[in-house]
file query_18.txt (compact mmCIF, C-alpha atoms (C1' of nucleotides))
# COMPACT_ATOMS: atom_id res chain seq x y z
CA MET W 1 -33.14 -131.73 211.03
CA ARG W 2 -30.47 -133.77 209.36
CA LYS W 3 -31.08 -132.18 205.98
CA GLU W 4 -30.66 -128.66 207.31
CA LYS W 5 -27.48 -129.80 209.00
CA ARG W 6 -26.12 -131.10 205.74
CA GLN W 7 -27.11 -127.94 203.90
CA LYS W 8 -25.36 -125.82 206.52
CA LEU W 9 -22.19 -127.87 206.33
CA GLU W 10 -22.17 -127.78 202.56
CA ARG W 11 -22.60 -124.05 202.69
CA GLN W 12 -19.44 -123.85 204.71
CA GLY W 13 -17.47 -125.87 202.22
CA TRP W 14 -17.90 -129.39 203.49
CA LYS W 15 -18.37 -131.72 200.62
CA ILE W 16 -20.78 -134.55 200.96
CA GLY W 17 -19.54 -137.92 199.90
CA ASN W 18 -17.27 -138.28 202.86
CA ALA W 19 -19.59 -136.85 205.42
CA ALA W 20 -21.50 -139.95 206.39
CA ASP W 21 -19.45 -140.20 209.56
CA PHE W 22 -20.22 -136.71 210.80
CA LEU W 23 -23.88 -136.74 209.95
CA GLU W 24 -25.90 -139.64 211.12
CA LEU W 25 -26.67 -141.09 207.72
CA THR W 26 -27.88 -144.64 207.41
CA PRO W 27 -26.14 -146.73 204.75
CA GLU W 28 -29.16 -146.30 202.47
CA GLU W 29 -29.11 -142.56 202.86
CA SER W 30 -25.41 -142.53 202.11
CA ALA W 31 -25.88 -144.64 199.02
CA PHE W 32 -28.65 -142.32 197.89
CA VAL W 33 -26.51 -139.22 198.33
CA GLU W 34 -23.55 -140.83 196.59
CA LEU W 35 -25.78 -141.74 193.71
CA LYS W 36 -27.00 -138.18 193.40
CA VAL W 37 -23.48 -136.83 193.53
CA ALA W 38 -22.41 -139.25 190.82
CA LEU W 39 -25.22 -138.07 188.55
CA SER W 40 -24.37 -134.45 189.30
CA LYS W 41 -20.76 -134.93 188.33
CA PHE W 42 -21.77 -136.73 185.19
CA LEU W 43 -24.03 -133.85 184.24
CA LYS W 44 -21.24 -131.33 184.77
CA GLU W 45 -18.81 -133.43 182.74
CA ARG W 46 -21.23 -133.74 179.86
CA ARG W 47 -21.88 -130.02 179.77
CA LYS W 48 -18.20 -129.16 179.87
CA GLN W 49 -17.50 -131.56 177.04
CA SER W 50 -20.08 -129.75 174.94
CA THR W 51 -18.39 -126.49 175.93
CA ILE W 52 -21.69 -124.82 176.57
CA THR W 53 -22.45 -122.52 179.48
CA GLN W 54 -24.95 -123.12 182.23
CA ILE W 55 -27.14 -120.45 180.70
CA GLU W 56 -27.22 -122.20 177.34
CA LEU W 57 -27.96 -125.54 178.94
CA ALA W 58 -30.69 -123.93 181.02
CA LYS W 59 -32.34 -122.68 177.86
CA LEU W 60 -32.10 -126.12 176.28
CA LEU W 61 -33.64 -127.76 179.32
CA LYS W 62 -36.19 -125.00 179.88
CA SER W 63 -34.77 -124.41 183.30
CA SER W 64 -32.65 -121.65 184.81
CA GLN W 65 -28.94 -121.06 185.25
CA SER W 66 -29.26 -121.19 189.01
CA ARG W 67 -30.92 -124.56 188.92
CA ILE W 68 -28.26 -125.96 186.62
CA ALA W 69 -25.66 -124.78 189.10
CA LYS W 70 -27.54 -126.49 191.90
CA MET W 71 -27.85 -129.66 189.87
CA GLU W 72 -24.14 -129.74 189.23
CA ALA W 73 -23.47 -129.06 192.90
CA GLY W 74 -25.67 -131.96 194.01
CA ASP W 75 -27.75 -129.51 196.00
CA PRO W 76 -30.28 -131.18 198.31
CA SER W 77 -33.04 -129.25 196.61
CA VAL W 78 -32.68 -131.14 193.34
CA SER W 79 -34.33 -134.46 192.72
CA ILE W 80 -32.91 -137.46 190.97
CA ASP W 81 -35.87 -137.19 188.63
CA LEU W 82 -34.65 -133.82 187.42
CA LEU W 83 -31.08 -135.02 187.06
CA ILE W 84 -32.14 -138.02 185.03
CA ARG W 85 -34.58 -136.10 182.86
CA SER W 86 -31.87 -133.56 182.17
CA LEU W 87 -29.28 -136.15 181.29
CA LEU W 88 -31.68 -137.91 178.95
CA ALA W 89 -32.49 -134.58 177.31
CA MET W 90 -28.77 -134.08 176.81
CA GLY W 91 -28.61 -137.33 174.91
CA ALA W 92 -27.39 -139.69 177.61
CA THR W 93 -28.52 -143.29 177.19
CA ASN W 94 -29.86 -145.56 179.87
CA LYS W 95 -26.56 -147.37 179.70
CA ASP W 96 -24.73 -144.15 180.48
CA LEU W 97 -26.95 -143.68 183.50
CA ALA W 98 -26.52 -147.27 184.59
CA GLN W 99 -22.78 -147.02 184.41
CA THR W 100 -22.77 -143.79 186.38
CA ILE W 101 -24.93 -145.34 189.05
CA SER W 102 -23.04 -148.59 189.33
CA THR W 103 -19.76 -146.77 189.77
CA SER W 104 -20.99 -144.57 192.60
CA LYS W 105 -19.34 -145.32 195.89
CA LEU W 106 -20.52 -147.56 198.72
CA VAL W 107 -21.50 -150.27 196.25
CA MET K 1 -52.02 -131.95 179.35
CA ARG K 2 -50.02 -134.91 178.30
CA LYS K 3 -49.72 -136.20 181.82
CA GLU K 4 -53.47 -136.17 182.35
CA LYS K 5 -53.87 -137.97 179.06
CA ARG K 6 -51.51 -140.69 180.14
CA GLN K 7 -53.21 -141.03 183.50
CA LYS K 8 -56.57 -141.37 181.82
CA LEU K 9 -55.35 -144.02 179.42
CA GLU K 10 -53.63 -145.92 182.19
CA ARG K 11 -56.81 -145.83 184.19
CA GLN K 12 -58.55 -147.54 181.29
CA GLY K 13 -56.03 -150.34 181.17
CA TRP K 14 -53.54 -149.06 178.67
CA LYS K 15 -50.11 -149.99 179.74
CA ILE K 16 -47.38 -147.49 179.22
CA GLY K 17 -44.22 -148.81 177.69
CA ASN K 18 -45.84 -149.22 174.32
CA ALA K 19 -47.84 -146.06 174.33
CA ALA K 20 -45.26 -143.66 173.01
CA ASP K 21 -46.94 -143.77 169.63
CA PHE K 22 -50.37 -142.76 170.88
CA LEU K 23 -49.21 -140.08 173.24
CA GLU K 24 -46.84 -137.52 171.89
CA LEU K 25 -43.86 -138.50 173.97
CA THR K 26 -40.42 -137.37 172.98
CA PRO K 27 -37.74 -140.09 173.00
CA GLU K 28 -36.40 -138.68 176.30
CA GLU K 29 -39.82 -138.78 177.89
CA SER K 30 -40.26 -142.34 176.69
CA ALA K 31 -36.90 -143.35 178.10
CA PHE K 32 -37.79 -141.71 181.38
CA VAL K 33 -41.09 -143.55 181.63
CA GLU K 34 -39.51 -146.85 180.68
CA LEU K 35 -36.93 -146.34 183.34
CA LYS K 36 -39.58 -145.71 185.95
CA VAL K 37 -41.53 -148.75 184.88
CA ALA K 38 -38.40 -150.88 185.10
CA LEU K 39 -37.77 -149.72 188.66
CA SER K 40 -41.42 -150.31 189.54
CA LYS K 41 -41.30 -153.86 188.29
CA PHE K 42 -38.07 -154.48 190.12
CA LEU K 43 -39.66 -153.24 193.34
CA LYS K 44 -42.64 -155.50 192.90
CA GLU K 45 -40.43 -158.49 192.16
CA ARG K 46 -38.31 -157.87 195.21
CA ARG K 47 -41.33 -157.62 197.46
CA LYS K 48 -42.90 -160.77 196.07
CA GLN K 49 -39.66 -162.65 196.57
CA SER K 50 -39.72 -161.67 200.22
CA THR K 51 -43.34 -162.84 200.32
CA ILE K 52 -44.41 -159.81 202.29
CA THR K 53 -47.57 -157.82 201.71
CA GLN K 54 -47.78 -154.21 200.62
CA ILE K 55 -48.91 -153.32 204.11
CA GLU K 56 -45.84 -154.86 205.68
CA LEU K 57 -43.54 -153.17 203.20
CA ALA K 58 -45.32 -149.88 203.82
CA LYS K 59 -44.56 -150.20 207.51
CA LEU K 60 -40.93 -150.98 206.80
CA LEU K 61 -40.59 -147.97 204.51
CA LYS K 62 -42.70 -145.70 206.73
CA SER K 63 -45.09 -145.20 203.88
CA SER K 64 -48.60 -146.43 203.18
CA GLN K 65 -50.11 -149.40 201.39
CA SER K 66 -51.65 -147.17 198.77
CA ARG K 67 -48.35 -145.56 197.92
CA ILE K 68 -46.66 -148.94 197.62
CA ALA K 69 -49.38 -149.95 195.19
CA LYS K 70 -48.80 -146.78 193.19
CA MET K 71 -45.06 -147.36 193.19
CA GLU K 72 -45.50 -150.86 191.86
CA ALA K 73 -47.91 -149.56 189.25
CA GLY K 74 -45.47 -146.92 188.04
CA ASP K 75 -48.05 -144.29 188.82
CA PRO K 76 -47.17 -140.81 187.53
CA SER K 77 -47.48 -139.49 191.05
CA VAL K 78 -44.41 -141.35 192.27
CA SER K 79 -40.92 -140.02 191.84
CA ILE K 80 -37.81 -141.93 190.90
CA ASP K 81 -36.34 -140.62 194.12
CA LEU K 82 -38.92 -142.52 196.11
CA LEU K 83 -38.47 -145.67 194.06
CA ILE K 84 -34.73 -145.60 194.51
CA ARG K 85 -34.86 -144.76 198.20
CA SER K 86 -37.30 -147.61 198.70
CA LEU K 87 -35.19 -150.09 196.81
CA LEU K 88 -32.09 -149.11 198.73
CA ALA K 89 -34.00 -149.48 201.98
CA MET K 90 -34.99 -152.96 200.82
CA GLY K 91 -31.33 -153.84 200.47
CA ALA K 92 -30.82 -153.35 196.76
CA THR K 93 -27.31 -152.34 195.76
CA ASN K 94 -26.32 -149.65 193.31
CA LYS K 95 -25.39 -152.45 190.96
CA ASP K 96 -28.91 -153.85 191.17
CA LEU K 97 -30.25 -150.43 190.29
CA ALA K 98 -27.77 -150.00 187.47
CA GLN K 99 -28.69 -153.33 185.96
CA THR K 100 -32.38 -152.55 186.18
CA ILE K 101 -31.85 -149.23 184.48
CA SER K 102 -29.60 -150.49 181.74
CA THR K 103 -32.07 -153.18 180.79
CA SER K 104 -35.01 -150.83 180.44
CA LYS K 105 -36.26 -150.52 176.91
CA LEU K 106 -35.43 -147.87 174.29
CA VAL K 107 -31.73 -148.07 175.16
C1' DG H 1 -6.87 -103.93 188.69
C1' DT H 2 -10.96 -103.54 185.97
C1' DA H 3 -14.51 -104.82 182.82
C1' DC H 4 -17.02 -108.79 181.52
C1' DA H 5 -18.51 -113.50 181.32
C1' DT H 6 -19.51 -117.45 184.03
C1' DT H 7 -20.88 -119.85 187.99
C1' DA H 8 -22.72 -119.95 192.89
C1' DT H 9 -26.12 -118.82 196.54
C1' DG H 10 -30.45 -117.00 198.61
C1' DT H 11 -35.29 -116.40 198.26
C1' DC H 12 -39.99 -117.04 196.84
C1' DA H 13 -44.50 -118.17 194.36
C1' DC H 14 -46.21 -121.94 192.34
C1' DA H 15 -46.06 -126.97 190.95
C1' DT H 16 -45.45 -131.70 192.11
C1' DG H 17 -44.83 -135.54 195.40
C1' DT H 18 -46.17 -137.88 199.75
C1' DG H 19 -48.48 -140.30 203.63
C1' DA H 20 -52.83 -141.02 205.22
C1' DT H 21 -57.52 -142.29 204.91
C1' DA H 22 -61.55 -144.09 202.74
C1' DT H 23 -63.34 -147.04 199.54
C1' DA H 24 -63.44 -150.10 195.52
C1' DT H 25 -61.66 -153.98 193.19
C1' DT H 26 -59.38 -158.40 192.70
C1' DC H 27 -57.69 -162.70 194.61
C1' DT H 28 -57.97 -167.04 197.33
C1' DA H 29 -59.65 -170.07 199.77
C1' DT H 30 -63.78 -172.72 201.38
C1' DA B 1 -71.48 -168.08 196.07
C1' DT B 2 -69.31 -165.98 200.32
C1' DA B 3 -65.92 -164.08 203.45
C1' DG B 4 -61.76 -162.22 204.26
C1' DA B 5 -57.12 -160.86 202.73
C1' DA B 6 -54.54 -158.35 199.43
C1' DT B 7 -54.18 -154.88 196.14
C1' DA B 8 -55.89 -150.81 193.49
C1' DT B 9 -57.86 -146.13 193.11
C1' DA B 10 -59.47 -141.54 194.66
C1' DT B 11 -58.79 -137.60 197.40
C1' DC B 12 -56.58 -134.33 200.40
C1' DA B 13 -53.52 -131.61 203.73
C1' DC B 14 -48.97 -130.91 204.04
C1' DA B 15 -44.02 -131.42 202.44
C1' DT B 16 -40.65 -131.00 198.91
C1' DG B 17 -39.06 -129.60 194.29
C1' DT B 18 -38.81 -126.09 190.60
C1' DG B 19 -38.08 -121.97 187.62
C1' DA B 20 -37.24 -117.36 188.06
C1' DC B 21 -35.06 -113.49 189.76
C1' DA B 22 -31.58 -110.89 192.36
C1' DT B 23 -27.14 -110.73 193.82
C1' DA B 24 -22.64 -112.50 195.23
C1' DA B 25 -18.48 -114.89 194.12
C1' DT B 26 -15.17 -116.53 190.87
C1' DG B 27 -12.82 -116.79 186.69
C1' DT B 28 -10.56 -114.73 182.31
C1' DA B 29 -8.96 -111.72 179.46
C1' DC B 30 -6.77 -107.26 178.78

call {"tool": "encode", "arguments": {"input": "query_18.txt", "output": "structure tokens"}}
result
Amino acid sequence: MRKEKRQKLERQGWKIGNAADFLELTPEESAFVELKVALSKFLKERRKQSTITQIELAKLLKSSQSRIAKMEAGDPSVSIDLLIRSLLAMGATNKDLAQTISTSKLV
Amino acid sequence: MRKEKRQKLERQGWKIGNAADFLELTPEESAFVELKVALSKFLKERRKQSTITQIELAKLLKSSQSRIAKMEAGDPSVSIDLLIRSLLAMGATNKDLAQTISTSKLV
DNA sequence: GTACATTATGTCACATGTGATATATTCTAT
DNA sequence: ATAGAATATATCACATGTGACATAATGTAC
């Protein structure tokens, strides 16, 4: 039930990352969401720096434009596995990932 | 096909982490596997330090003994999401995760 | 403002991950 | 060697993730 709630709120413009108070997220769940958001942002940054479109990136990753959009939005339907595999395929190093993760909020 | 191949080899005692040469793994795939293995080992270490059994940890994580075993073995059937959620539930911090990831092989 | 590119959102068939259960294997004492 | 605890492996019904497609919303020039 909580996931649907989050999805609904996000749909209406609420951004996760500051929503732990509204939704009943445990600290672990919060940390997990923050971590996903951090990876999402990193993915978006990297793509923008390459000045390629979502469509081009989708082709590179053998995925689809819509899924790239969802990845960058931190959509609940995307796994950390996919985010990490994508980032690695884009040339990110484990150190890049580690830094992204360590700088995500809530320690 | 490659996944089945890896599963078969692992079943026969081959340890991934040095198998990139045998299997046709791209550098990204290798990095991904290494990362998973690193998280697996970290999970096992943490549990052993708490001197609890897989059964007890399974109860804590609302999972099952068999899945804990597979997590600790880096089984292909376990996602990074699950590993990370489990570690967070065990009290690991994002920094712990970051360090684990940055020290996984293949940069 | 309108044509066009880019990004976002909804939906769905199919793929992959998950807890549970059963059973096999390994470990640790005695 | 034997028993019992701990861990590993196999399998499966059900849950979640994924690429693809359609379509909506937003941006960017003219």

call {"tool": "atom_distance", "arguments": {"input": "query_18.txt", "atom1": "CA of Ala98 (chain K)", "atom2": "CA of Ile101 (chain W)"}}
result
5.7 Å

call {"tool": "residues_around", "arguments": {"input": "query_18.txt", "residues": "DC4 (chain H)", "least_positions_apart": "4", "cutoff": "12 Å", "atoms": "all atoms listed in the file", "output": "VMD selection string"}}
result
chain B and resid 27 to 30

call {"tool": "interface_residues", "arguments": {"input": "query_18.txt", "of": "chain B", "to": "chain W", "cutoff": "8 Å", "atoms": "only C-alpha atoms (C1' of nucleotides)", "output": "PyMOL selection string"}}
result
chain B and resi 17+19-20

call {"tool": "atom_distance", "arguments": {"input": "query_18.txt", "atom1": "CA of Lys105 (chain W)", "atom2": "C1' of DA15 (chain B)"}}
result
29.1 Å

call {"tool": "interface_residues", "arguments": {"input": "query_18.txt", "of": "chain H", "to": "chain W", "cutoff": "9 Å", "atoms": "all atoms listed in the file", "output": "PDB file with C-alpha atoms (C1' of nucleotides), in the coordinates of the input"}}
result
ATOM      1  C1'  DT H   6     -19.510-117.450 184.030  1.00  0.00           C
ATOM      2  C1'  DT H   7     -20.880-119.850 187.990  1.00  0.00           C
ATOM      3  C1'  DA H   8     -22.720-119.950 192.890  1.00  0.00           C
ATOM      4  C1'  DT H   9     -26.120-118.820 196.540  1.00  0.00           C
TER       5       DT H   9
END
